[in-house]
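*Asks:* I'm passing along final.txt; it holds compact mmCIF, C-alpha atoms and all ligand atoms.
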```txt
# COMPACT_ATOMS: atom_id res chain seq x y z
CA MET A 27 -222.11 -57.73 78.11
CA THR A 28 -219.18 -60.17 78.30
CA PRO A 29 -216.67 -59.49 75.51
CA THR A 30 -215.71 -62.28 73.12
CA VAL A 31 -211.97 -62.41 73.65
CA SER A 32 -209.81 -64.54 71.36
CA GLN A 33 -206.33 -65.60 72.40
CA LYS A 34 -203.05 -65.86 70.48
CA VAL A 35 -204.40 -64.14 67.39
CA PRO A 36 -201.95 -63.76 64.47
CA LEU A 37 -201.41 -60.13 63.42
CA GLY A 38 -199.18 -60.83 60.40
CA ALA A 39 -201.91 -59.95 57.92
CA LEU A 40 -203.08 -57.00 60.03
CA ASN A 41 -199.93 -54.85 59.87
CA SER A 42 -198.56 -53.35 56.67
CA LEU A 43 -194.91 -54.09 57.61
CA GLY A 44 -195.82 -57.78 57.55
CA VAL A 45 -194.31 -58.61 60.97
CA SER A 46 -195.65 -62.02 62.01
CA ALA A 47 -196.68 -60.88 65.47
CA THR A 48 -199.31 -62.43 67.75
CA ALA A 49 -201.79 -60.70 70.05
CA SER A 50 -202.12 -62.43 73.40
CA HIS A 51 -205.77 -61.24 73.56
CA PHE A 52 -207.97 -59.80 70.81
CA VAL A 53 -211.49 -58.37 70.45
CA GLU A 54 -213.17 -57.10 67.31
CA VAL A 55 -215.26 -54.00 68.06
CA THR A 56 -218.20 -53.52 65.71
CA GLU A 57 -220.56 -51.65 68.11
CA ARG A 58 -219.98 -48.91 70.67
CA ALA A 59 -221.65 -51.00 73.37
CA GLN A 60 -218.81 -53.55 73.18
CA LEU A 61 -216.15 -51.06 74.10
CA GLN A 62 -216.56 -50.43 77.82
CA PRO A 63 -217.00 -54.12 78.77
CA ALA A 64 -213.89 -55.01 76.76
CA ILE A 65 -211.83 -52.30 78.46
CA ASP A 66 -213.13 -53.32 81.91
CA TRP A 67 -212.25 -56.95 81.08
CA ALA A 68 -208.69 -55.91 80.18
CA HIS A 69 -208.29 -53.99 83.43
CA GLN A 70 -209.64 -56.93 85.46
CA HIS A 71 -207.05 -59.15 83.77
CA GLU A 72 -204.29 -56.53 84.23
CA LEU A 73 -203.78 -56.17 80.50
CA ASP A 74 -202.95 -53.01 78.59
CA VAL A 75 -205.42 -52.00 75.89
CA ARG A 76 -204.08 -51.39 72.37
CA VAL A 77 -206.29 -50.04 69.58
CA LEU A 78 -205.69 -51.47 66.12
CA GLY A 79 -206.88 -49.73 62.98
CA GLY A 80 -205.52 -50.81 59.61
CA GLY A 81 -202.06 -51.51 61.06
CA SER A 82 -200.36 -49.22 58.52
CA ASN A 83 -198.41 -47.14 61.02
CA LEU A 84 -197.23 -49.77 63.48
CA VAL A 85 -194.08 -51.68 64.37
CA LEU A 86 -195.22 -54.72 66.34
CA ALA A 87 -193.30 -56.81 68.85
CA GLN A 88 -193.31 -60.56 68.19
CA THR A 89 -195.87 -60.99 70.98
CA VAL A 90 -198.19 -58.13 71.82
CA HIS A 91 -199.10 -58.91 75.42
CA ALA A 92 -202.28 -56.81 75.65
CA LEU A 93 -205.94 -56.77 74.76
CA VAL A 94 -205.91 -55.62 71.14
CA LEU A 95 -209.15 -53.87 70.19
CA ALA A 96 -209.60 -54.08 66.44
CA MET A 97 -211.76 -51.06 65.60
CA ARG A 98 -214.34 -52.08 63.02
CA LEU A 99 -217.18 -49.63 63.78
CA PRO A 100 -218.85 -48.89 60.44
CA GLY A 101 -221.02 -45.97 59.37
CA ARG A 102 -221.21 -42.34 58.31
CA GLU A 103 -223.90 -39.69 58.52
CA GLN A 104 -224.57 -36.12 57.51
CA ARG A 105 -224.99 -34.02 60.68
CA ALA A 106 -225.59 -30.47 59.39
CA VAL A 107 -225.90 -28.40 56.21
CA TYR A 108 -225.00 -24.71 56.30
CA ASP A 109 -226.03 -21.83 54.01
CA ASN A 110 -222.44 -21.19 52.86
CA GLY A 111 -222.12 -24.62 51.25
CA ASP A 112 -220.38 -26.27 54.21
CA GLU A 113 -221.55 -29.64 55.52
CA LEU A 114 -220.75 -31.43 58.75
CA TRP A 115 -220.28 -35.19 58.45
CA ARG A 116 -219.59 -37.91 61.01
CA PHE A 117 -217.48 -40.93 60.05
CA ASN A 118 -217.14 -43.90 62.38
CA ALA A 119 -213.70 -45.19 63.31
CA GLY A 120 -213.90 -48.45 61.35
CA GLU A 121 -214.45 -46.83 57.95
CA THR A 122 -211.54 -47.08 55.53
CA TRP A 123 -209.88 -43.68 55.13
CA HIS A 124 -209.43 -43.83 51.36
CA ASP A 125 -213.04 -45.02 50.79
CA THR A 126 -214.13 -42.07 52.90
CA VAL A 127 -212.20 -39.65 50.69
CA VAL A 128 -213.68 -41.21 47.53
CA PHE A 129 -217.19 -41.11 49.03
CA THR A 130 -216.95 -37.42 49.90
CA VAL A 131 -215.59 -36.45 46.48
CA GLU A 132 -218.33 -38.45 44.76
CA GLN A 133 -220.92 -36.61 46.88
CA GLY A 134 -219.54 -33.30 45.62
CA LEU A 135 -217.94 -32.53 48.99
CA CYS A 136 -214.50 -30.94 48.77
CA GLY A 137 -211.57 -30.83 51.17
CA LEU A 138 -210.19 -34.36 51.48
CA GLU A 139 -209.06 -34.88 47.87
CA ASN A 140 -205.35 -34.27 48.65
CA LEU A 141 -205.52 -36.98 51.32
CA ALA A 142 -206.55 -39.79 48.95
CA LEU A 143 -204.90 -43.22 49.17
CA ILE A 144 -203.50 -42.80 52.68
CA PRO A 145 -203.85 -46.32 54.09
CA GLY A 146 -205.65 -47.09 57.33
CA LEU A 147 -208.95 -46.40 59.02
CA VAL A 148 -210.78 -43.22 59.97
CA GLY A 149 -210.22 -43.71 63.73
CA ALA A 150 -206.44 -43.45 63.35
CA ALA A 151 -206.53 -40.29 61.23
CA PRO A 152 -206.37 -37.85 64.20
CA VAL A 153 -203.65 -39.89 65.96
CA GLN A 154 -200.89 -38.50 63.79
CA ASN A 155 -203.00 -35.78 62.17
CA ILE A 156 -202.56 -37.40 58.77
CA GLY A 157 -201.36 -35.11 56.05
CA ALA A 158 -200.29 -35.08 52.42
CA TYR A 159 -199.80 -32.58 49.59
CA GLY A 160 -200.23 -29.50 51.78
CA VAL A 161 -203.42 -30.61 53.60
CA GLU A 162 -203.75 -32.05 57.10
CA LEU A 163 -206.72 -33.63 58.81
CA SER A 164 -206.75 -30.66 61.22
CA ASP A 165 -207.82 -28.42 58.30
CA HIS A 166 -211.23 -30.17 58.35
CA LEU A 167 -211.60 -31.81 61.75
CA VAL A 168 -214.29 -30.35 64.00
CA GLY A 169 -214.11 -32.88 66.81
CA VAL A 170 -213.67 -36.47 67.88
CA GLU A 171 -215.89 -38.86 69.83
CA VAL A 172 -213.76 -40.88 72.25
CA TYR A 173 -213.97 -43.31 75.10
CA ASP A 174 -211.60 -42.04 77.82
CA CYS A 175 -210.06 -45.10 79.53
CA GLN A 176 -208.70 -42.92 82.34
CA LEU A 177 -211.96 -41.15 83.24
CA LYS A 178 -213.93 -44.27 82.26
CA GLY A 179 -216.48 -42.46 80.13
CA TRP A 180 -217.50 -41.09 76.76
CA ARG A 181 -216.29 -37.61 75.78
CA TYR A 182 -216.36 -35.26 72.83
CA LEU A 183 -213.07 -33.50 72.12
CA HIS A 184 -213.12 -30.41 69.92
CA THR A 185 -210.22 -30.01 67.51
CA ALA A 186 -208.57 -27.40 69.75
CA ASP A 187 -208.46 -30.01 72.55
CA CYS A 188 -206.75 -32.60 70.33
CA ARG A 189 -203.35 -30.78 70.26
CA LEU A 190 -202.94 -31.52 66.56
CA SER A 191 -199.68 -30.54 64.91
CA TYR A 192 -197.32 -32.04 62.34
CA ARG A 193 -197.72 -35.84 62.78
CA ASP A 194 -198.62 -35.34 66.42
CA SER A 195 -201.66 -35.15 68.70
CA LEU A 196 -203.01 -35.63 72.20
CA PHE A 197 -203.66 -39.25 71.23
CA LYS A 198 -199.95 -39.85 70.63
CA GLN A 199 -198.91 -37.87 73.69
CA GLU A 200 -201.30 -39.77 75.99
CA GLU A 201 -201.11 -43.09 74.17
CA GLY A 202 -203.46 -45.73 75.51
CA ARG A 203 -205.86 -43.27 77.11
CA PHE A 204 -208.38 -42.62 74.33
CA VAL A 205 -210.27 -44.88 71.97
CA ILE A 206 -211.53 -42.83 69.03
CA THR A 207 -214.93 -44.04 67.85
CA ALA A 208 -215.89 -41.31 65.36
CA ILE A 209 -214.64 -38.10 63.81
CA ASP A 210 -216.59 -35.06 62.60
CA LEU A 211 -215.39 -33.28 59.48
CA LEU A 212 -216.42 -29.96 57.95
CA LEU A 213 -216.42 -30.21 54.16
CA SER A 214 -217.56 -27.81 51.48
CA ARG A 215 -219.59 -27.91 48.29
CA ILE A 216 -217.40 -25.06 47.06
CA PHE A 217 -214.07 -26.27 45.65
CA SER A 218 -210.98 -24.36 46.85
CA PRO A 219 -208.08 -26.38 45.43
CA ARG A 220 -204.82 -26.67 47.37
CA LEU A 221 -202.22 -27.06 44.65
CA ASP A 222 -199.10 -25.59 46.20
CA TYR A 223 -197.33 -28.92 46.71
CA GLY A 224 -195.17 -30.95 44.32
CA PRO A 225 -196.88 -32.44 41.31
CA LEU A 226 -200.21 -30.75 42.06
CA LYS A 227 -198.64 -27.42 41.03
CA SER A 228 -199.03 -28.50 37.39
CA LEU A 229 -202.83 -28.39 37.82
CA ALA A 230 -202.85 -24.72 38.90
CA GLY A 231 -204.61 -22.49 36.42
CA GLN A 232 -206.44 -25.37 34.73
CA SER A 233 -209.95 -24.12 33.98
CA GLY A 234 -212.87 -26.16 35.28
CA LEU A 235 -210.63 -28.14 37.62
CA THR A 236 -212.61 -30.46 39.94
CA ALA A 237 -211.89 -32.17 43.26
CA GLN A 238 -212.24 -35.47 41.40
CA GLN A 239 -209.35 -34.51 39.08
CA VAL A 240 -207.16 -33.47 41.99
CA MET A 241 -207.92 -36.75 43.75
CA GLU A 242 -207.02 -38.71 40.61
CA GLU A 243 -203.72 -36.81 40.31
CA VAL A 244 -202.92 -37.54 43.96
CA ILE A 245 -203.71 -41.25 43.46
CA ALA A 246 -201.57 -41.49 40.31
CA THR A 247 -198.66 -39.69 41.96
CA ARG A 248 -198.78 -41.84 45.09
CA GLN A 249 -199.03 -45.05 43.05
CA SER A 250 -195.93 -44.07 41.07
CA ARG A 251 -193.86 -43.17 44.14
CA LEU A 252 -194.95 -45.31 47.07
CA PRO A 253 -194.85 -49.10 47.33
CA ASP A 254 -198.16 -50.91 47.76
CA PRO A 255 -197.90 -52.61 51.20
CA THR A 256 -199.73 -55.69 49.88
CA GLU A 257 -196.86 -56.23 47.43
CA LEU A 258 -193.91 -54.77 49.36
CA PRO A 259 -194.48 -54.53 53.12
CA ASN A 260 -193.87 -51.02 54.47
CA ALA A 261 -195.29 -48.43 56.85
CA GLY A 262 -195.08 -45.38 54.59
CA SER A 263 -192.69 -42.62 55.68
CA PHE A 264 -190.68 -44.15 58.48
CA PHE A 265 -189.21 -40.90 59.85
CA LYS A 266 -190.71 -37.49 60.52
CA ASN A 267 -189.22 -34.56 58.65
CA PRO A 268 -186.99 -32.96 61.32
CA LEU A 269 -187.60 -29.37 62.42
CA VAL A 270 -184.44 -27.29 62.91
CA ASP A 271 -183.58 -23.66 63.68
CA THR A 272 -182.07 -21.27 61.14
CA ALA A 273 -178.53 -21.64 62.50
CA THR A 274 -178.65 -25.43 62.02
CA ARG A 275 -180.03 -25.07 58.50
CA GLU A 276 -177.27 -22.58 57.60
CA ARG A 277 -174.59 -24.83 59.10
CA ILE A 278 -175.75 -27.77 56.97
CA MET A 279 -176.05 -25.59 53.85
CA THR A 280 -172.39 -24.56 53.99
CA GLU A 281 -171.56 -28.17 53.07
CA TRP A 282 -174.84 -29.18 51.38
CA PRO A 283 -176.13 -26.12 49.45
CA ASN A 284 -178.91 -28.18 47.84
CA LEU A 285 -180.50 -29.03 51.19
CA VAL A 286 -184.27 -29.44 50.77
CA SER A 287 -186.04 -27.42 53.46
CA PHE A 288 -189.35 -25.65 54.00
CA ALA A 289 -189.91 -22.53 56.10
CA GLN A 290 -192.39 -22.99 58.97
CA GLU A 291 -194.66 -20.36 60.48
CA ASP A 292 -192.81 -20.48 63.82
CA GLY A 293 -189.43 -19.55 62.30
CA LEU A 294 -188.19 -23.14 62.22
CA TRP A 295 -187.30 -25.12 59.08
CA LYS A 296 -188.62 -28.53 58.10
CA LEU A 297 -185.92 -30.63 56.44
CA ALA A 298 -186.85 -33.35 53.94
CA ALA A 299 -185.91 -36.54 55.82
CA GLY A 300 -185.95 -38.57 52.57
CA TRP A 301 -183.35 -36.23 51.06
CA LEU A 302 -181.12 -36.52 54.15
CA ILE A 303 -181.28 -40.34 54.01
CA GLU A 304 -180.59 -40.38 50.29
CA GLN A 305 -177.58 -38.07 50.62
CA ALA A 306 -176.30 -40.27 53.47
CA GLY A 307 -176.08 -43.00 50.82
CA LEU A 308 -178.87 -45.29 52.03
CA LYS A 309 -181.45 -45.14 49.24
CA GLY A 310 -182.02 -48.69 47.94
CA LYS A 311 -179.70 -50.16 50.60
CA HIS A 312 -180.75 -52.83 53.12
CA ASN A 313 -179.48 -55.06 55.91
CA ALA A 314 -178.93 -58.83 55.90
CA GLN A 315 -182.62 -59.47 56.68
CA GLY A 316 -183.70 -57.40 53.66
CA VAL A 317 -185.01 -54.43 55.68
CA GLY A 318 -183.98 -51.26 53.89
CA CYS A 319 -184.80 -47.93 52.25
CA TYR A 320 -187.11 -48.08 49.22
CA GLU A 321 -185.27 -47.59 45.95
CA LYS A 322 -187.66 -44.85 44.73
CA GLN A 323 -188.13 -42.99 48.04
CA ALA A 324 -185.51 -43.38 50.75
CA LEU A 325 -187.92 -42.27 53.49
CA VAL A 326 -189.96 -45.45 53.12
CA LEU A 327 -188.59 -48.41 55.07
CA VAL A 328 -189.43 -51.67 53.27
CA ASN A 329 -189.52 -55.19 54.67
CA PRO A 330 -189.73 -57.51 51.62
CA LEU A 331 -188.88 -60.70 53.53
CA ARG A 332 -191.31 -59.93 56.37
CA ALA A 333 -188.49 -59.84 58.90
CA GLY A 334 -189.25 -59.34 62.59
CA THR A 335 -189.01 -56.29 64.79
CA ALA A 336 -185.32 -56.74 65.64
CA ALA A 337 -184.31 -56.43 61.98
CA ILE A 338 -186.53 -53.35 61.56
CA LEU A 339 -185.04 -51.69 64.65
CA ASP A 340 -181.54 -52.58 63.42
CA TRP A 341 -182.16 -50.70 60.15
CA GLN A 342 -183.89 -47.81 61.92
CA HIS A 343 -180.86 -47.30 64.18
CA HIS A 344 -178.48 -47.61 61.22
CA VAL A 345 -180.33 -44.87 59.30
CA GLN A 346 -180.51 -42.62 62.37
CA ALA A 347 -176.77 -43.03 63.05
CA ARG A 348 -175.77 -42.33 59.44
CA VAL A 349 -177.94 -39.21 59.20
CA GLU A 350 -176.69 -37.93 62.54
CA ASP A 351 -173.04 -38.54 61.55
CA THR A 352 -173.53 -36.84 58.19
CA PHE A 353 -175.71 -33.86 59.13
CA GLY A 354 -175.79 -33.68 62.94
CA VAL A 355 -179.59 -34.06 62.79
CA GLN A 356 -181.65 -36.62 64.70
CA LEU A 357 -184.46 -38.48 62.93
CA GLU A 358 -187.54 -39.47 64.90
CA PRO A 359 -189.58 -42.50 63.75
CA GLU A 360 -193.15 -41.81 62.64
CA PRO A 361 -194.89 -45.16 63.33
CA ARG A 362 -196.00 -46.28 66.77
CA PHE A 363 -194.11 -49.13 68.44
CA TRP A 364 -195.97 -51.87 70.30
CA ARG A 365 -193.23 -53.48 72.39
C1 LIG B 401 -197.84 -46.77 51.91
C2 LIG B 401 -198.18 -45.86 53.05
C3 LIG B 401 -198.35 -44.51 52.82
C4 LIG B 401 -198.66 -43.64 53.87
N1 LIG B 401 -198.84 -42.31 53.60
C5 LIG B 401 -199.16 -41.46 54.59
C6 LIG B 401 -199.35 -40.07 54.33
O1 LIG B 401 -199.26 -39.61 53.19
N2 LIG B 401 -199.66 -39.26 55.36
C7 LIG B 401 -199.80 -39.73 56.63
O2 LIG B 401 -200.09 -38.93 57.53
N3 LIG B 401 -199.63 -41.04 56.92
C8 LIG B 401 -199.31 -41.91 55.93
N4 LIG B 401 -199.13 -43.23 56.22
C9 LIG B 401 -199.25 -43.71 57.60
C10 LIG B 401 -200.64 -44.31 57.95
O3 LIG B 401 -201.35 -44.65 56.81
C11 LIG B 401 -201.47 -43.33 58.77
O4 LIG B 401 -200.78 -42.99 59.95
C12 LIG B 401 -202.84 -43.91 59.14
O5 LIG B 401 -203.64 -42.92 59.74
C13 LIG B 401 -202.75 -45.12 60.06
O6 LIG B 401 -204.02 -45.69 60.13
P1 LIG B 401 -204.25 -47.16 60.65
O7 LIG B 401 -205.72 -47.37 60.77
O8 LIG B 401 -203.52 -48.13 59.80
O9 LIG B 401 -203.61 -47.09 62.09
P2 LIG B 401 -202.80 -48.20 62.89
O10 LIG B 401 -201.49 -48.42 62.23
O11 LIG B 401 -203.66 -49.39 63.14
O12 LIG B 401 -202.55 -47.45 64.27
C14 LIG B 401 -201.67 -46.34 64.35
C15 LIG B 401 -201.76 -45.74 65.75
O13 LIG B 401 -203.06 -45.19 65.94
C16 LIG B 401 -203.71 -45.80 67.05
N5 LIG B 401 -205.12 -45.97 66.71
C17 LIG B 401 -205.62 -46.57 65.61
N6 LIG B 401 -206.97 -46.49 65.62
C18 LIG B 401 -207.31 -45.84 66.76
C19 LIG B 401 -208.56 -45.46 67.35
N7 LIG B 401 -209.74 -45.72 66.77
N8 LIG B 401 -208.53 -44.83 68.56
C20 LIG B 401 -207.35 -44.54 69.17
N9 LIG B 401 -206.15 -44.86 68.66
C21 LIG B 401 -206.13 -45.50 67.46
C22 LIG B 401 -203.01 -47.13 67.24
O14 LIG B 401 -203.15 -47.61 68.57
C23 LIG B 401 -201.59 -46.76 66.87
O15 LIG B 401 -200.95 -46.12 67.96
C24 LIG B 401 -198.81 -44.13 55.19
C25 LIG B 401 -198.64 -45.53 55.42
C26 LIG B 401 -198.32 -46.37 54.36
C27 LIG B 401 -198.17 -47.84 54.62
```
Any chance you could put this one into structure tokens?
*Replies:*
Amino acid sequence: MTPTVSQKVPLGALNSLGVSATASHFVEVTERAQLQPAIDWAHQHELDVRVLGGGSNLVLAQTVHALVLAMRLPGREQRAVYDNGDELWRFNAGETWHDTVVFTVEQGLCGLENLALIPGLVGAAPVQNIGAYGVELSDHLVGVEVYDCQLKGWRYLHTADCRLSYRDSLFKQEEGRFVITAIDLLLSRIFSPRLDYGPLKSLAGQSGLTAQQVMEEVIATRQSRLPDPTELPNAGSFFKNPLVDTATRERIMTEWPNLVSFAQEDGLWKLAAGWLIEQAGLKGKHNAQGVGCYEKQALVLVNPLRAGTAAILDWQHHVQARVEDTFGVQLEPEPRFWR
């Protein structure tokens, strides 16, 4: 099968930061059978392969000199039903993540409700082990179907093989090697709410609480706090919450007793990056090209004028330098960079 490769394809509408980038080569993948010929074609033409989902966690170069595979594989299916109320479901990579959450909740399947309204597609969910309101994908992921570009073949990776941790995975560590085509999730007909985070705490103790209600609360909270990328281009949280040891936390707290931090199981502390940026005086501030920190949540980098990568990098470096000067802590960007 010869792939249908388009050239010089605009990506401006395909990334949530609104960077008007162009892909030198581009293929839309709607069937598994298209994948291997497209990857072989890229190798024959000495092009890197880049996988594009919903473009909501990407900082694009002006020209992406690569074969961009836009993952559009649709479909979902029930794979197993267990006596304890658990069900195993497969979702293909091109499904929209939020629609998947809504679908499962409407089916009476619980587990994903805290992850509602995260932009992007299913195939990208394991890449940074998406998480919100105390739940991560890894809590429900059983395994991932991938095409391994290095071994040139199809593989099934169980969750333990995916090296999932906070905003990290095998797919980030070995970027470019795997194309995720489907994920398998274990969900439950028995509702065990996870309400230990932020505004969800107010729902604790409510009798007859349903997954639908939790999902609605998550959606309302996110809509009130996060900018809609279609109205104000952004890539969500731009920096990871830094992990520090106890000595570093105590050092910062001598000057900043209100430091927002969360104890981790491994003895480290997760600091709230948004709080650090806000205290460094950058909330609502921006550079000459309009790139800046969102006025309601400093962790979100916004790009209202759809400036290019250079302006985004300029603001990223400015934020990192200010936070390092103020707290002696380094911030690591969360999105992936296609340079
Ligand atoms: C407003 C907003 C809010 C957000 N909130 C959250 C949040 O609460 N929690 C959270 O974790 N994230 C959040 N994000 C980040 C983002 O939504 C997630 O990282 C999401 O999973 C990205 O999906 P995507 O399809 O847009 O991926 P893309 O941006 O298209 O790609 C991201 C990376 O994944 C790779 N990739 C994509 N698809 C595949 C595939 N099929 N196989 C292999 N690699 C692939 C890409 O090559 C790239 O490296 C938010 C973003 C925005 C804009």
*Asks:* In Å, how far is it from CA of Leu331 in chain A to CA of Gly44 in chain A?
*Replies:* 8.5 Å
*Asks:* Which polymer residues have any atom within 10 Å of an atom of Ala208 in chain A, counting all atoms listed in the file, with same-chain residues fewer than 6 positions away left out, as a PyMOL selection string?
*Replies:* chain A and resi 99-102+116-121+148-150+169-172+182
*Asks:* So, counting all atoms listed in the file, which residue among A:Gln323, A:Asn83, A:Asn313, A:Thr30 is closest to ligand LIG 401 (chain B)?
*Replies:* A:Asn83
*Asks:* When you count only C-alpha atoms, which of these residues is closest to Gly80 in chain A: A:Trp67, A:Phe52, A:Phe217, A:Trp123?
*Replies:*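 Under the stated criterion, the closest residue is A:Trp123.
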*Asks:* Find the nearest atom pair between each residue of chain A and ligand LIG 401 (chain B) for residues within 8 Å, count all atoms listed in the file, give distances in Å to one decimal, sort rows by chain and ascending number, and present the table as CSV.
*Replies:*
```
residue,atom,partner,partner_atom,distance
A:Asn41,CA,B:LIG401,O10,7.0
A:Ser42,CA,B:LIG401,C27,5.9
A:Leu43,CA,B:LIG401,C27,7.7
A:Arg76,CA,B:LIG401,O14,5.4
A:Val77,CA,B:LIG401,O14,4.1
A:Leu78,CA,B:LIG401,O11,4.2
A:Gly79,CA,B:LIG401,O11,3.2
A:Gly80,CA,B:LIG401,O8,3.3
A:Gly81,CA,B:LIG401,O10,3.4
A:Ser82,CA,B:LIG401,O8,3.6
A:Asn83,CA,B:LIG401,O10,3.5
A:Leu84,CA,B:LIG401,O10,4.6
A:Met97,CA,B:LIG401,N7,5.8
A:Ala119,CA,B:LIG401,N7,5.3
A:Gly120,CA,B:LIG401,N7,7.4
A:Thr122,CA,B:LIG401,O7,7.8
A:Trp123,CA,B:LIG401,O5,7.8
A:Leu141,CA,B:LIG401,O1,7.0
A:Leu143,CA,B:LIG401,N1,7.6
A:Ile144,CA,B:LIG401,N1,4.8
A:Pro145,CA,B:LIG401,O3,4.1
A:Gly146,CA,B:LIG401,O8,3.4
A:Leu147,CA,B:LIG401,O7,3.8
A:Val148,CA,B:LIG401,O7,6.6
A:Gly149,CA,B:LIG401,N7,3.7
A:Ala150,CA,B:LIG401,N6,3.8
A:Ala151,CA,B:LIG401,O5,4.2
A:Pro152,CA,B:LIG401,O5,7.3
A:Val153,CA,B:LIG401,O13,5.3
A:Gln154,CA,B:LIG401,O4,5.9
A:Asn155,CA,B:LIG401,O2,6.3
A:Ile156,CA,B:LIG401,O2,3.2
A:Gly157,CA,B:LIG401,O2,4.3
A:Ala158,CA,B:LIG401,O1,4.7
A:Tyr159,CA,B:LIG401,O1,7.9
A:Glu162,CA,B:LIG401,O2,7.8
A:Val172,CA,B:LIG401,N8,7.5
A:Arg193,CA,B:LIG401,O2,6.5
A:Phe197,CA,B:LIG401,N9,6.7
A:Lys198,CA,B:LIG401,O15,6.9
A:Glu201,CA,B:LIG401,O15,6.9
A:Gly202,CA,B:LIG401,O14,7.2
A:Phe204,CA,B:LIG401,C20,5.6
A:Val205,CA,B:LIG401,N8,3.8
A:Ile206,CA,B:LIG401,N8,3.6
A:Thr207,CA,B:LIG401,N7,5.6
A:Ala208,CA,B:LIG401,N7,7.7
A:Leu252,CA,B:LIG401,C1,5.8
A:Pro253,CA,B:LIG401,C1,5.9
A:Asp254,CA,B:LIG401,C1,5.9
A:Pro255,CA,B:LIG401,C27,5.9
A:Pro259,CA,B:LIG401,C27,7.8
A:Asn260,CA,B:LIG401,C27,5.4
A:Ala261,CA,B:LIG401,C27,3.7
A:Gly262,CA,B:LIG401,C26,3.4
A:Ser263,CA,B:LIG401,C4,6.3
A:Pro361,CA,B:LIG401,C14,7.0
A:Arg362,CA,B:LIG401,O15,5.1
A:Phe363,CA,B:LIG401,O15,7.5
A:Trp364,CA,B:LIG401,O15,8.0
```
*Asks:* My list of candidates is A:Val168, A:Ala237, A:Val107, A:Ala299. Which is closest to His184 in chain A when distances are computed with only C-alpha atoms?
*Replies:*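 When distances to His184 in chain A are compared using only C-alpha atoms, the smallest one comes from A:Val168.
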*Asks:* What separation in Å, quoted to one decimal, exists between CA of Leu177 in chain A and CA of Ala96 in chain A?
*Replies:*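 Interatomic distance here is 21.3 Å.
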*Asks:* As a compact mmCIF listing (two decimals) with C-alpha atoms, in the frame of the given file, please: the residues near Leu325 in chain A (cut-off 8 Å, only C-alpha atoms, same-chain neighbours under 4 positions excluded).
*Replies:*
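See selection.txt below for the written result:
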```txt
# COMPACT_ATOMS: atom_id res chain seq x y z
CA GLY A 262 -195.08 -45.38 54.59
CA SER A 263 -192.69 -42.62 55.68
CA PHE A 264 -190.68 -44.15 58.48
CA PHE A 265 -189.21 -40.90 59.85
CA ALA A 299 -185.91 -36.54 55.82
CA GLY A 300 -185.95 -38.57 52.57
CA TRP A 301 -183.35 -36.23 51.06
CA ILE A 303 -181.28 -40.34 54.01
CA CYS A 319 -184.80 -47.93 52.25
CA TYR A 320 -187.11 -48.08 49.22
```
*Asks:* If we count only C-alpha atoms, what is near Gly318 in chain A at a cut-off of 12 Å, once residues fewer than 5 positions away on the same chain are taken out, given as a PDB file with C-alpha atoms, keeping the file's coordinate frame?
*Replies:*
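And here is the file that came out, selection.pdb:
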```
ATOM      1  CA  LEU A  43    -194.910 -54.090  57.610  1.00  0.00           C
ATOM      2  CA  LEU A 258    -193.910 -54.770  49.360  1.00  0.00           C
ATOM      3  CA  PRO A 259    -194.480 -54.530  53.120  1.00  0.00           C
ATOM      4  CA  ASN A 260    -193.870 -51.020  54.470  1.00  0.00           C
ATOM      5  CA  PHE A 264    -190.680 -44.150  58.480  1.00  0.00           C
ATOM      6  CA  ILE A 303    -181.280 -40.340  54.010  1.00  0.00           C
ATOM      7  CA  GLU A 304    -180.590 -40.380  50.290  1.00  0.00           C
ATOM      8  CA  GLY A 307    -176.080 -43.000  50.820  1.00  0.00           C
ATOM      9  CA  LEU A 308    -178.870 -45.290  52.030  1.00  0.00           C
ATOM     10  CA  LYS A 309    -181.450 -45.140  49.240  1.00  0.00           C
ATOM     11  CA  GLY A 310    -182.020 -48.690  47.940  1.00  0.00           C
ATOM     12  CA  LYS A 311    -179.700 -50.160  50.600  1.00  0.00           C
ATOM     13  CA  HIS A 312    -180.750 -52.830  53.120  1.00  0.00           C
ATOM     14  CA  ASN A 313    -179.480 -55.060  55.910  1.00  0.00           C
ATOM     15  CA  GLN A 323    -188.130 -42.990  48.040  1.00  0.00           C
ATOM     16  CA  ALA A 324    -185.510 -43.380  50.750  1.00  0.00           C
ATOM     17  CA  LEU A 325    -187.920 -42.270  53.490  1.00  0.00           C
ATOM     18  CA  VAL A 326    -189.960 -45.450  53.120  1.00  0.00           C
ATOM     19  CA  LEU A 327    -188.590 -48.410  55.070  1.00  0.00           C
ATOM     20  CA  VAL A 328    -189.430 -51.670  53.270  1.00  0.00           C
ATOM     21  CA  ASN A 329    -189.520 -55.190  54.670  1.00  0.00           C
ATOM     22  CA  PRO A 330    -189.730 -57.510  51.620  1.00  0.00           C
ATOM     23  CA  LEU A 331    -188.880 -60.700  53.530  1.00  0.00           C
ATOM     24  CA  ARG A 332    -191.310 -59.930  56.370  1.00  0.00           C
ATOM     25  CA  ALA A 333    -188.490 -59.840  58.900  1.00  0.00           C
ATOM     26  CA  ALA A 337    -184.310 -56.430  61.980  1.00  0.00           C
ATOM     27  CA  ILE A 338    -186.530 -53.350  61.560  1.00  0.00           C
ATOM     28  CA  LEU A 339    -185.040 -51.690  64.650  1.00  0.00           C
ATOM     29  CA  ASP A 340    -181.540 -52.580  63.420  1.00  0.00           C
ATOM     30  CA  TRP A 341    -182.160 -50.700  60.150  1.00  0.00           C
ATOM     31  CA  GLN A 342    -183.890 -47.810  61.920  1.00  0.00           C
ATOM     32  CA  HIS A 343    -180.860 -47.300  64.180  1.00  0.00           C
ATOM     33  CA  HIS A 344    -178.480 -47.610  61.220  1.00  0.00           C
ATOM     34  CA  VAL A 345    -180.330 -44.870  59.300  1.00  0.00           C
TER      35      VAL A 345
END
```
